[in-house]
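S.K.: One structure, as structure tokens, below. Some questions next.
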Amino acid sequence: EQMTKKFENPKVLLLNVELELKNEKENAEVRIEDPSQYQSIVDAEWQVIYDKLDSCVNCGANIVLSRLPIGDLATQYFADRGLFCAGRVEDGDLKRVAAATGAAVQTSTNGIHDGVLGTCALFEERRVGDERFNIFEGCPRGRTSTMVLRGGSEQFIAESERSIHDALMVVRRSLKSKSVVAGGGAVELEVARHLRKHALGIEGKGQLIFDAFARVSFFLGSPESAMFFFLPARHRYRLTARVDQALEVVPRQLCDNAGFDSNDVLSSLRRKHALDDEEGKWYGVDIENGSILDAFAAGIWEPSDNKSNALASAAEAAGVILSIDETVINPRSQDPGAATGMAGGGPGPGGMGQKPLSNMMGGAMDAVNAQKGGSRSGNLGNGVSYLKGRGGG
């Protein structure tokens, strides 16, 4: 609490050095000839730690961060001289500070010079809620930043972190792809339109395949798509007419999530894509107004690699399904004793008319009890006896 918490244009020193007095090892042994020599050994230990601390102060650093512990002695030493220090800094945080401030992590306190020190415009320790954060602002090589997420529950924070991570990964993928396309379902509608147009120029059953792909390619995980490909070719056209255009699942779902009528919006999108080939190809769903808009002009972009990979995966999955001639399913037996191999009353050699052993035992006991006029007493009928052995008599 006595340390200075705010610096302007400070010098940052990053260490991988332990700045505290260490206990000697259990097997350490020191031989002295005079009791006065013991004090010299103790003074030497203190001198080692003070030499390290003096080196940190004399190099001109204002902030000292170390991956290893910084003891109470070093903390008080730096506080008395107006320095800020922090120990047990995580390796990832230390590397990010080094990348932002230009400092180099030192494994020794000897020979520290200005070239290994970092700097920033402002350093301040701030309290956010119950936590304390060390803020570095105006870093000369600031290509990194930190986001602090706060919420009322762990589930909310986890969901917020997932959303931010997804957004960052989309931006990263877009930069790696180096090309983008319009979002909002514009690409799906345009691809479906081109496939239907191309299918009209194909004779025979190949036209049905193209038309079906335009309707089912992005919906291959659905039961409708699997049902379609397993049907004979003469029945596929009838089913295709009943299955919703699966390439339009994306814009339809966007409308449903936003609370708008998907039929009205999709009708407008189909008309726009059909009439305006060039101007309408980037039109997608406007989830703010419940209408359509030019998604590319509005800045609603998606990496082109994502769309290419989705179409390629859909084509591969369709090819795999079409290559399956027949599926064989073993029906579940209606006889519970057939699965365990027990003797039943079904037909077959050795099994004709046989009853389970439990029924035989119960019938013999009932016969004896009926003759005696009482309840079951455990006595068996003629010709039936317990098996001797485990649990037997």
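Identifiers in this document derive from the order of the structure tokens: chains are assigned A, B, ..., residues are numbered from 1 separately in each chain, and ligands are numbered from 1 in order of occurrence.
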What's the 6 Å shell around stretch 296-313 of chain A, counting only C-alpha atoms, without same-chain residues fewer than 2 positions away, as an MDAnalysis selection string?
M.R.: chainID A and resid 174 179:183 282 294 315:316
S.K.: Would you mind telling me which residue in A:Arg193, A:Val148, A:Thr101, A:Pro10 lies nearest to A:Arg127 when using only C-alpha atoms?
M.R.: A:Val148
S.K.: Give the answer as one residue: which of A:Arg31, A:Thr4, A:Ile49, A:His198 has the shortest atom-to-atom distance to A:Glu18, using only C-alpha atoms?
M.R.: A:Ile49
S.K.: Pick from A:Glu188, A:Glu8, A:Asp54, A:Asp325: nearest to A:Arg81, with only C-alpha atoms counted?
M.R.: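 Going through A:Glu188, A:Glu8, A:Asp54, A:Asp325 one by one, the smallest distance to A:Arg81 is for A:Asp54.
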S.K.: Select, from A:Thr146, A:Thr107, A:Ser323, A:Thr75, the residue with the minimum atom-to-atom distance to A:Phe133, counting only C-alpha atoms.
M.R.: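 Going through A:Thr146, A:Thr107, A:Ser323, A:Thr75 one by one, the smallest distance to A:Phe133 is for A:Thr146.
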S.K.: May I have all residues of stretch 53-297 of chain A that DSSP, computed from the backbone, assigns to helix (DSSP H, G or I), given as a ChimeraX atom specification?
M.R.: /A:53-58,72-80,91-101,114-116,154-177,186-199,206-219,223-230,233-242,246-258,262-275
